[in-house]
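Trainee: What follows is the file run04.cif, containing mmCIF, C-alpha atoms:
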data_upload
loop_
_atom_site.label_atom_id
_atom_site.label_comp_id
_atom_site.auth_asym_id
_atom_site.auth_seq_id
_atom_site.Cartn_x
_atom_site.Cartn_y
_atom_site.Cartn_z
CA MET A 1172 11.24 -38.64 -10.26
CA ALA A 1173 12.93 -36.45 -12.91
CA LYS A 1174 12.24 -32.74 -12.71
CA VAL A 1175 9.90 -31.46 -15.42
CA THR A 1176 11.61 -28.89 -17.62
CA ARG A 1177 10.50 -26.24 -20.07
CA ASP A 1178 11.72 -28.53 -22.87
CA ASP A 1179 9.26 -31.20 -21.69
CA VAL A 1180 6.42 -28.69 -21.85
CA ALA A 1181 7.46 -27.57 -25.35
CA ARG A 1182 7.57 -31.16 -26.65
CA LEU A 1183 4.13 -32.02 -25.28
CA ALA A 1184 2.62 -28.78 -26.58
CA GLY A 1185 4.32 -29.16 -29.98
CA THR A 1186 5.99 -25.77 -29.83
CA SER A 1187 9.32 -24.16 -28.99
CA THR A 1188 10.72 -23.39 -25.54
CA ALA A 1189 10.66 -19.70 -26.49
CA VAL A 1190 6.89 -19.84 -26.95
CA VAL A 1191 6.54 -21.60 -23.58
CA SER A 1192 8.55 -18.76 -22.06
CA TYR A 1193 6.28 -16.15 -23.68
CA VAL A 1194 3.23 -17.86 -22.19
CA ILE A 1195 4.73 -18.17 -18.69
CA ASN A 1196 5.99 -14.59 -18.63
CA ASN A 1197 3.03 -13.15 -20.52
CA GLY A 1198 5.37 -11.75 -23.15
CA PRO A 1199 7.42 -10.12 -24.50
CA ARG A 1200 5.89 -11.51 -27.72
CA PRO A 1201 2.22 -12.39 -28.26
CA VAL A 1202 1.14 -16.02 -28.51
CA ALA A 1203 -1.86 -17.23 -30.53
CA PRO A 1204 -4.79 -18.21 -28.27
CA ALA A 1205 -4.85 -21.84 -29.48
CA THR A 1206 -1.10 -22.22 -28.91
CA ARG A 1207 -1.39 -20.62 -25.47
CA GLU A 1208 -4.10 -23.12 -24.51
CA ARG A 1209 -1.88 -26.05 -25.61
CA VAL A 1210 1.02 -24.74 -23.55
CA LEU A 1211 -1.15 -24.18 -20.47
CA ALA A 1212 -2.65 -27.67 -20.83
CA ALA A 1213 0.85 -29.19 -21.07
CA ILE A 1214 1.98 -27.25 -17.98
CA LYS A 1215 -1.00 -28.56 -16.04
CA GLU A 1216 -0.61 -32.16 -17.25
CA LEU A 1217 3.11 -32.30 -16.46
CA GLY A 1218 2.85 -30.33 -13.22
CA TYR A 1219 5.54 -27.93 -14.41
CA ARG A 1220 6.70 -25.26 -11.95
CA PRO A 1221 8.80 -22.40 -13.38
CA ASP A 1222 12.22 -21.84 -11.82
CA ARG A 1223 11.72 -18.32 -10.51
CA VAL A 1224 15.36 -18.00 -9.47
CA ALA A 1225 16.56 -18.79 -12.97
CA GLN A 1226 14.02 -16.38 -14.40
CA ALA A 1227 15.22 -13.67 -12.08
CA MET A 1228 18.84 -14.26 -13.06
CA ALA A 1229 17.92 -14.04 -16.73
CA SER A 1230 15.79 -10.92 -16.40
CA ARG A 1231 17.86 -9.41 -13.55
CA ARG A 1232 14.60 -8.81 -11.69
CA THR A 1233 12.32 -10.89 -9.47
CA ASP A 1234 8.60 -10.86 -8.74
CA LEU A 1235 9.42 -9.34 -5.36
CA ILE A 1236 8.89 -5.88 -3.93
CA GLY A 1237 10.94 -4.82 -0.93
CA LEU A 1238 9.10 -2.93 1.81
CA ILE A 1239 10.98 -1.29 4.68
CA VAL A 1240 8.99 0.00 7.66
CA PRO A 1241 10.17 1.53 10.95
CA ASP A 1242 8.32 -0.96 13.17
CA ALA A 1243 5.62 -3.37 11.94
CA ARG A 1244 4.50 -3.92 15.55
CA GLN A 1245 2.95 -0.46 15.53
CA PRO A 1246 -0.60 -0.66 14.20
CA PHE A 1247 -0.23 2.05 11.54
CA PHE A 1248 2.80 0.45 9.93
CA GLY A 1249 1.34 -3.05 10.24
CA GLU A 1250 -1.87 -1.95 8.51
CA MET A 1251 0.06 -0.10 5.82
CA ALA A 1252 2.27 -3.14 5.18
CA HIS A 1253 -0.83 -5.32 4.81
CA ALA A 1254 -2.34 -2.85 2.33
CA VAL A 1255 0.89 -2.87 0.28
CA GLU A 1256 0.95 -6.68 0.30
CA GLN A 1257 -2.63 -6.82 -1.01
CA ALA A 1258 -1.91 -4.23 -3.70
CA ALA A 1259 1.22 -6.12 -4.77
CA ALA A 1260 -0.71 -9.41 -4.98
CA GLU A 1261 -3.13 -7.73 -7.39
CA ARG A 1262 -0.11 -7.11 -9.65
CA GLY A 1263 1.24 -10.65 -9.26
CA LYS A 1264 4.04 -9.64 -6.90
CA MET A 1265 5.14 -10.74 -3.45
CA VAL A 1266 6.43 -8.47 -0.69
CA LEU A 1267 9.52 -8.82 1.49
CA VAL A 1268 9.26 -6.79 4.70
CA GLY A 1269 12.12 -5.46 6.80
CA ASN A 1270 11.92 -3.46 10.04
CA SER A 1271 14.41 -0.62 10.38
CA ASP A 1272 13.57 -0.09 14.08
CA TYR A 1273 14.07 3.65 13.42
CA LEU A 1274 17.80 2.97 12.94
CA ASP A 1275 19.62 4.35 9.88
CA GLU A 1276 22.05 1.44 9.75
CA ARG A 1277 19.26 -1.14 9.69
CA GLU A 1278 17.47 0.79 6.96
CA VAL A 1279 20.65 0.71 4.87
CA HIS A 1280 21.09 -3.00 5.68
CA TYR A 1281 17.67 -3.84 4.24
CA LEU A 1282 18.18 -1.55 1.26
CA ARG A 1283 21.35 -3.45 0.35
CA ALA A 1284 19.82 -6.86 1.07
CA PHE A 1285 16.64 -6.30 -0.97
CA LEU A 1286 18.42 -4.62 -3.86
CA GLY A 1287 20.91 -7.50 -3.88
CA MET A 1288 17.96 -9.87 -4.31
CA ARG A 1289 17.02 -7.99 -7.50
CA VAL A 1290 13.61 -6.92 -6.25
CA SER A 1291 11.38 -5.26 -8.83
CA GLY A 1292 11.42 -2.16 -6.69
CA LEU A 1293 11.41 -0.79 -3.17
CA ILE A 1294 8.75 0.94 -1.11
CA LEU A 1295 10.31 2.79 1.77
CA ILE A 1296 8.29 3.95 4.76
CA SER A 1297 10.89 6.03 6.52
CA GLN A 1298 10.92 8.41 9.47
CA GLY A 1299 13.59 10.47 7.77
CA LEU A 1300 15.81 9.21 4.96
CA SER A 1301 19.47 9.27 6.00
CA GLU A 1302 22.29 10.42 3.74
CA ASN A 1303 23.64 6.84 3.63
CA ALA A 1304 20.26 5.46 2.57
CA ALA A 1305 19.91 8.14 -0.13
CA ALA A 1306 23.43 7.35 -1.37
CA GLU A 1307 22.61 3.61 -1.48
CA ILE A 1308 19.51 4.27 -3.57
CA GLU A 1309 21.48 6.45 -5.99
CA ALA A 1310 24.31 3.89 -6.24
CA TRP A 1311 21.94 1.07 -7.25
CA ASP A 1312 19.88 3.35 -9.50
CA ALA A 1313 16.91 1.64 -7.85
CA ARG A 1314 13.21 2.02 -8.36
CA VAL A 1315 12.11 3.48 -5.06
CA VAL A 1316 8.84 4.97 -3.90
CA LEU A 1317 8.70 6.73 -0.56
CA MET A 1318 5.56 6.43 1.50
CA HIS A 1319 4.51 8.41 4.55
CA GLU A 1320 7.43 10.84 4.25
CA ARG A 1321 7.90 13.67 1.78
CA PRO A 1322 11.29 13.44 0.03
CA GLU A 1323 13.60 16.40 0.41
CA ALA A 1324 17.14 15.20 -0.23
CA ILE A 1325 16.64 12.95 -3.28
CA ASP A 1326 14.62 13.23 -6.45
CA ASP A 1327 12.34 10.24 -6.04
CA VAL A 1328 8.63 9.69 -6.23
CA ALA A 1329 6.52 9.58 -3.11
CA VAL A 1330 3.00 8.77 -1.97
CA VAL A 1331 2.06 10.91 1.01
CA LEU A 1332 -0.85 12.23 3.02
CA ASP A 1333 -1.83 15.83 3.71
CA ASP A 1334 -0.40 15.57 7.21
CA VAL A 1335 -0.40 19.28 8.01
CA GLY A 1336 -3.98 19.74 6.85
CA GLY A 1337 -5.16 16.65 8.70
CA ALA A 1338 -3.67 17.82 11.98
CA GLN A 1339 -5.29 21.22 11.52
CA LEU A 1340 -8.67 19.53 11.10
CA ALA A 1341 -8.28 17.66 14.40
CA VAL A 1342 -7.02 20.62 16.43
CA ARG A 1343 -9.66 23.00 15.05
CA HIS A 1344 -12.30 20.46 15.98
CA LEU A 1345 -11.02 20.27 19.57
CA LEU A 1346 -10.96 24.05 19.84
CA GLU A 1347 -14.53 24.24 18.54
CA HIS A 1348 -15.58 22.38 21.68
CA GLY A 1349 -14.65 25.52 23.61
CA HIS A 1350 -11.29 24.47 25.07
CA PRO A 1351 -8.99 27.42 25.83
CA TYR A 1352 -6.07 25.58 24.21
CA VAL A 1353 -4.93 22.18 22.95
CA ALA A 1354 -1.66 20.60 24.03
CA CYS A 1355 0.30 18.46 21.56
CA ILE A 1356 2.21 15.23 22.08
CA GLY A 1357 4.69 15.05 19.24
CA GLY A 1358 7.76 12.94 18.54
CA THR A 1359 11.01 12.38 20.34
CA GLU A 1360 13.13 15.04 18.64
CA GLU A 1361 13.12 18.78 19.27
CA THR A 1362 14.07 19.40 15.62
CA PRO A 1363 12.83 16.38 13.64
CA PRO A 1364 13.72 16.07 9.93
CA VAL A 1365 11.85 18.08 7.31
CA GLY A 1366 9.25 15.97 5.53
CA ASP A 1367 8.70 13.69 8.52
CA PRO A 1368 4.95 13.12 9.06
CA VAL A 1369 5.11 13.77 12.80
CA THR A 1370 6.86 17.06 12.08
CA ASP A 1371 3.91 17.93 9.83
CA HIS A 1372 1.39 16.87 12.49
CA VAL A 1373 3.04 19.21 14.97
CA GLU A 1374 3.12 21.96 12.35
CA GLY A 1375 -0.60 21.47 11.71
CA TRP A 1376 -1.27 21.74 15.46
CA ARG A 1377 0.81 24.91 15.64
CA ARG A 1378 -0.97 26.52 12.68
CA ALA A 1379 -4.44 25.70 14.04
CA MET A 1380 -3.53 27.13 17.44
CA LEU A 1381 -2.05 30.33 16.01
CA GLU A 1382 -4.93 30.95 13.62
CA ALA A 1383 -7.24 30.70 16.65
CA GLY A 1384 -5.08 33.21 18.54
CA ARG A 1385 -3.84 30.61 21.08
CA SER A 1386 -0.26 30.39 22.28
CA THR A 1387 1.75 27.20 21.74
CA GLU A 1388 4.45 28.15 24.25
CA GLY A 1389 5.12 25.29 26.68
CA ARG A 1390 2.31 23.18 25.23
CA LEU A 1391 4.31 20.79 23.03
CA PHE A 1392 5.49 17.59 24.73
CA GLN A 1393 7.86 14.95 23.44
CA ALA A 1394 7.06 11.24 23.53
CA PRO A 1395 8.03 8.09 21.64
CA TYR A 1396 5.55 6.97 18.99
CA ASN A 1397 4.41 3.82 20.81
CA ARG A 1398 1.57 3.66 23.35
CA TYR A 1399 3.68 2.23 26.17
CA ASP A 1400 6.18 5.08 26.40
CA ALA A 1401 3.50 7.67 25.57
CA TYR A 1402 1.53 6.31 28.52
CA GLN A 1403 4.44 7.07 30.84
CA VAL A 1404 4.75 10.61 29.47
CA ALA A 1405 0.99 11.13 29.80
CA LEU A 1406 1.00 10.01 33.46
CA GLY A 1407 3.36 12.87 34.31
CA LEU A 1408 1.52 15.38 32.14
CA LEU A 1409 -1.99 14.55 33.37
CA ALA A 1410 -1.05 14.21 37.04
CA GLY A 1411 0.63 17.63 37.10
CA PRO A 1412 -0.92 20.91 38.24
CA ASP A 1413 -1.19 22.26 34.68
CA ARG A 1414 -3.19 19.43 33.16
CA PRO A 1415 -4.34 20.48 29.66
CA PRO A 1416 -8.04 20.50 28.80
CA ALA A 1417 -7.42 18.81 25.45
CA VAL A 1418 -4.57 16.87 23.84
CA PHE A 1419 -3.78 16.23 20.18
CA CYS A 1420 -1.42 13.28 19.66
CA ALA A 1421 0.75 12.91 16.56
CA THR A 1422 -0.16 9.19 16.34
CA ASP A 1423 -3.07 7.03 17.43
CA ASP A 1424 -0.70 4.77 19.33
CA GLN A 1425 0.33 7.73 21.50
CA ALA A 1426 -3.33 8.67 21.98
CA ILE A 1427 -4.12 5.13 23.14
CA GLY A 1428 -1.38 5.55 25.76
CA VAL A 1429 -2.92 8.86 26.85
CA LEU A 1430 -6.36 7.25 27.22
CA ARG A 1431 -4.86 4.51 29.39
CA ALA A 1432 -3.11 7.08 31.61
CA ALA A 1433 -6.32 9.09 31.97
CA ARG A 1434 -8.27 5.99 32.99
CA GLU A 1435 -5.62 5.09 35.57
CA LEU A 1436 -5.72 8.63 37.02
CA ARG A 1437 -9.55 8.58 37.01
CA ILE A 1438 -9.75 11.50 34.59
CA ASP A 1439 -12.97 11.41 32.61
CA VAL A 1440 -12.53 11.47 28.83
CA PRO A 1441 -13.98 13.54 27.29
CA GLY A 1442 -15.64 15.25 30.28
CA GLU A 1443 -12.37 16.45 31.84
CA LEU A 1444 -9.96 15.79 29.00
CA ALA A 1445 -10.56 15.72 25.23
CA VAL A 1446 -8.22 13.55 23.13
CA ALA A 1447 -7.62 13.23 19.39
CA GLY A 1448 -5.05 11.21 17.46
CA PHE A 1449 -3.79 10.72 13.92
CA ASP A 1450 -3.76 7.60 11.66
CA ASN A 1451 -7.19 6.01 12.24
CA VAL A 1452 -5.81 2.56 13.03
CA LYS A 1453 -8.52 -0.09 13.41
CA GLU A 1454 -8.10 -0.18 17.19
CA ALA A 1455 -9.08 3.50 17.43
CA ALA A 1456 -12.74 2.53 17.06
CA LEU A 1457 -12.47 0.13 20.01
CA THR A 1458 -10.82 2.34 22.63
CA ASP A 1459 -12.83 3.57 25.62
CA PRO A 1460 -14.08 6.06 24.62
CA PRO A 1461 -13.67 5.55 20.86
CA LEU A 1462 -10.90 7.79 19.57
CA THR A 1463 -11.44 10.81 17.34
CA THR A 1464 -8.64 10.78 14.81
CA VAL A 1465 -7.47 11.64 11.29
CA GLY A 1466 -7.77 8.98 8.61
CA SER A 1467 -6.76 8.28 5.03
CA ASP A 1468 -7.50 5.87 2.20
CA ARG A 1469 -4.65 3.45 2.91
CA PRO A 1470 -5.61 0.88 0.24
CA ALA A 1471 -5.60 3.60 -2.43
CA MET A 1472 -2.23 4.90 -1.22
CA ALA A 1473 -0.78 1.37 -1.25
CA ARG A 1474 -2.04 0.74 -4.80
CA ALA A 1475 -0.55 4.04 -5.93
CA ALA A 1476 2.83 3.14 -4.41
CA VAL A 1477 2.86 -0.35 -5.98
CA ASP A 1478 1.80 1.01 -9.36
CA LEU A 1479 4.55 3.62 -9.24
CA VAL A 1480 7.29 1.22 -8.19
CA LEU A 1481 6.38 -1.20 -11.00
CA ASP A 1482 5.92 1.49 -13.64
CA ASP A 1483 8.63 1.45 -16.33
CA GLY A 1484 8.05 5.17 -16.76
CA LEU A 1485 9.11 5.83 -13.19
CA ARG A 1486 12.51 7.07 -14.32
CA VAL A 1487 11.07 9.45 -16.90
CA ALA A 1488 11.76 13.01 -15.88
CA GLY A 1489 8.69 14.88 -14.70
CA SER A 1490 7.69 17.77 -12.53
CA ARG A 1491 7.84 17.37 -8.76
CA ARG A 1492 4.05 17.64 -8.64
CA GLU A 1493 3.76 14.60 -10.95
CA ARG A 1494 6.24 12.63 -8.84
CA LEU A 1495 4.55 13.46 -5.53
CA LYS A 1496 1.11 11.90 -5.07
CA GLN A 1497 -0.64 13.49 -2.11
CA PHE A 1498 -3.84 12.03 -0.70
CA PRO A 1499 -6.33 14.04 1.38
CA SER A 1500 -6.83 13.61 5.11
CA ALA A 1501 -10.26 13.17 6.69
CA LEU A 1502 -11.42 13.81 10.25
CA VAL A 1503 -12.99 10.71 11.84
CA VAL A 1504 -15.16 11.95 14.70
CA ARG A 1505 -15.82 9.64 17.65
CA ARG A 1506 -16.45 10.30 21.36
CA SER A 1507 -13.00 11.08 22.79
CA CYS A 1508 -13.21 14.69 21.55
CA GLY A 1509 -16.51 15.35 23.31
CA CYS A 1510 -18.92 14.75 20.44
CA GLY A 1511 -22.03 12.94 21.65
CA HIS A 1512 -20.98 13.44 25.28
CA GLY A 1513 -23.57 15.09 27.52
CA PRO A 1514 -25.19 18.48 26.87
CA SER A 1515 -21.98 20.08 25.60
CA GLY A 1516 -21.20 17.34 23.09
CA GLY A 1517 -20.87 18.57 19.51
#
Can the structure in the file be given as structure tokens, please?
Mentor:
Amino acid sequence: MAKVTRDDVARLAGTSTAVVSYVINNGPRPVAPATRERVLAAIKELGYRPDRVAQAMASRRTDLIGLIVPDARQPFFGEMAHAVEQAAAERGKMVLVGNSDYLDEREVHYLRAFLGMRVSGLILISQGLSENAAAEIEAWDARVVLMHERPEAIDDVAVVLDDVGGAQLAVRHLLEHGHPYVACIGGTEETPPVGDPVTDHVEGWRRAMLEAGRSTEGRLFQAPYNRYDAYQVALGLLAGPDRPPAVFCATDDQAIGVLRAARELRIDVPGELAVAGFDNVKEAALTDPPLTTVGSDRPAMARAAVDLVLDDGLRVAGSRRERLKQFPSALVVRRSCGCGHGPSGG
């Protein structure tokens, strides 16, 4: 059976192929309503399917958005990727997802691959943009929106959360339960990159402790971001002689690992150990006990990122404040902090 072409649609609709193109692409020129209806009827009758590859070659841009995440297996990144996909679908776009696995070379690999596919733009959820990645973005003059991380090295737009303020909310709340101090489980690096969310979570912990007159010396512990390795770190921390009375974790996944270690060591949470996390992944409501954490409006952040990456005005010079969209954090109180637990619960 011969493939239906745009010429076939134009003949049946009694119009030109240019008009058919305007209808399919919703522009760039307007089409009279009656003519549009004839073209759409012809498309339906003939079963015409536009050649998206040819369209992309002609326009030098596809209906695709590239999304690079550190690890989609982690709940936060998986939920954020899903929110971006839904927001993109609302704009008639599809999303290609690549996992950098926290490796600079893989991040650059996906940058080159997606930009080579002529994506409409890129959304980059990075744990610290490398010099090579920044150079790649500049070389392609690409439309890029950073999420999760504040840009420092390149002048690009970003959609971020008030990470420092959110961490302060969680740590202040733990201290309000009367704990003498709060330990912090941060990331894997002693000096993580500026603008990295975990760096900001640790900074928020430090500020809340200092404003309460509590020392942070020897109370910051390093752990990978996933629950499995954080569980191993927590086993050593909680089984030691200097077990902290409360722990703030830079991610919910780490906090879930801490809860598992506490259960294994028969440490009552929150009676003997208060725990709070950051991210408010869906699973946080189902832990035992349910996890107190810091949340955000992920759907709104995803829509903002998609709108920015598809906006033709993205390249227009503007102030840094206009190019950096920061969303507020919110404390989500559950039982792991001590609220609703016995006579001392707040």
Trainee: Report as a PyMOL selection string the full result of the PyMOL selection byres ((chain A and resi 1372-1386) around 9) when it is applied to this structure.
Mentor: chain A and resi 1334-1343+1346+1351-1358+1367-1371+1387-1391+1419-1422+1449
Trainee: So how far away is atom CA of A:Val1240 from atom CA of A:Gly1269, in Å?
Mentor: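 Atom CA of A:Val1240 lies 6.4 Å from atom CA of A:Gly1269.
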Trainee: Could you tell me which residues the PyMOL selection byres ((chain A and resi 1218) around 12) grabs in this file, written as a list in words?
Mentor: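 In the shown coordinates, the PyMOL selection byres ((chain A and resi 1218) around 12) covers Ala1173, Lys1174, Val1175, Thr1176, Arg1177, Asp1179, Val1180, Val1210, Leu1211, Ala1212, Ala1213, Ile1214, Lys1215, Glu1216, Leu1217, Tyr1219, Arg1220 and Pro1221 of chain A.
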Trainee: What lies within 8 Å of A:Ile1239 using all atoms listed in the file, ignoring chain neighbours under 6 positions off, as a PDB file with C-alpha atoms, in the frame of the given file?
Mentor:
ATOM      1  CA  VAL A1268       9.260  -6.790   4.700  1.00  0.00           C
ATOM      2  CA  GLY A1269      12.120  -5.460   6.800  1.00  0.00           C
ATOM      3  CA  ASN A1270      11.920  -3.460  10.040  1.00  0.00           C
ATOM      4  CA  SER A1271      14.410  -0.620  10.380  1.00  0.00           C
ATOM      5  CA  GLU A1278      17.470   0.790   6.960  1.00  0.00           C
ATOM      6  CA  TYR A1281      17.670  -3.840   4.240  1.00  0.00           C
ATOM      7  CA  LEU A1282      18.180  -1.550   1.260  1.00  0.00           C
ATOM      8  CA  LEU A1293      11.410  -0.790  -3.170  1.00  0.00           C
ATOM      9  CA  ILE A1294       8.750   0.940  -1.110  1.00  0.00           C
ATOM     10  CA  LEU A1295      10.310   2.790   1.770  1.00  0.00           C
ATOM     11  CA  ILE A1296       8.290   3.950   4.760  1.00  0.00           C
ATOM     12  CA  SER A1297      10.890   6.030   6.520  1.00  0.00           C
TER      13      SER A1297
END
Trainee: So the first atom is atom CA of A:Ala1417 and the second is atom CA of A:Ala1455; what is the distance between them in Å, to one decimal place?
Mentor: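 Computing it gives 17.4 Å between the two atoms.
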Trainee: Report as a list in words the residues that result from applying the PyMOL selection byres ((chain A and resi 1306-1313) around 9) to the structure here.
Mentor: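 Against this file, the PyMOL selection byres ((chain A and resi 1306-1313) around 9) returns the residues Val1279, Leu1282, Arg1283, Leu1286, Ser1291, Gly1292, Leu1293, Ser1301, Glu1302, Asn1303, Ala1304, Ala1305, Arg1314, Val1315 and Ile1325 of chain A.
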Trainee: Can you work out which one of A:Arg1277, A:Pro1241, A:Leu1444, A:Asn1197 has the shortest atom-to-atom distance to A:His1348, counting only C-alpha atoms?
Mentor: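 Between A:Arg1277, A:Pro1241, A:Leu1444, A:Asn1197, the residue approaching A:His1348 most closely is A:Leu1444.
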Trainee: Pick out the residues sitting within 7 Å of A:Ser1507, and hand them over as an MDAnalysis selection string; count only C-alpha atoms, and ignore anything fewer than 4 positions along from it in its own chain.
Mentor: chainID A and resid 1440:1441 1445:1447 1460:1463
Trainee: By how many Å are atom CA of A:His1280 and atom CA of A:Val1480 apart?
Mentor: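 Distance reported for this atom pair: 20.0 Å.
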Trainee: Hey, which of A:Gly1185, A:Val1418, A:Pro1246, A:Leu1317 ends up closest to A:Arg1398? Count all atoms listed in the file.
Mentor: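 Ranking A:Gly1185, A:Val1418, A:Pro1246, A:Leu1317 by distance to A:Arg1398, first place goes to A:Pro1246.
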Trainee: Which one is closest to A:Met1472: A:Lys1264, A:Pro1499, A:Glu1347, A:Asp1459? Count only C-alpha atoms.
Mentor: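 Of A:Lys1264, A:Pro1499, A:Glu1347, A:Asp1459, the one nearest A:Met1472, counting only C-alpha atoms, is A:Pro1499.
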Trainee: Using only C-alpha atoms for the distances, tell me which of A:Val1452, A:Cys1508, A:Ala1184, A:Val1477 is nearest to A:Glu1250.
Mentor: A:Val1452
Trainee: Which of these, A:Val1330, A:Leu1479, A:Ala1432, A:Ala1394, has the shortest distance to A:Ala1410 once you count only C-alpha atoms?
Mentor: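 Nearest to A:Ala1410: A:Ala1432.
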Trainee: Name all residues at most 9 Å from A:Tyr1399 (count all atoms listed in the file; drop same-chain ones fewer than 6 positions away) and give them as a list in words.
Mentor: Asp1424, Gln1425, Ile1427 and Gly1428 of chain A
Trainee: Can you work out which one of A:Leu1409, A:Leu1183, A:Ala1205, A:Leu1481 has the shortest atom-to-atom distance to A:Asp1234, counting only C-alpha atoms?
Mentor: A:Leu1481
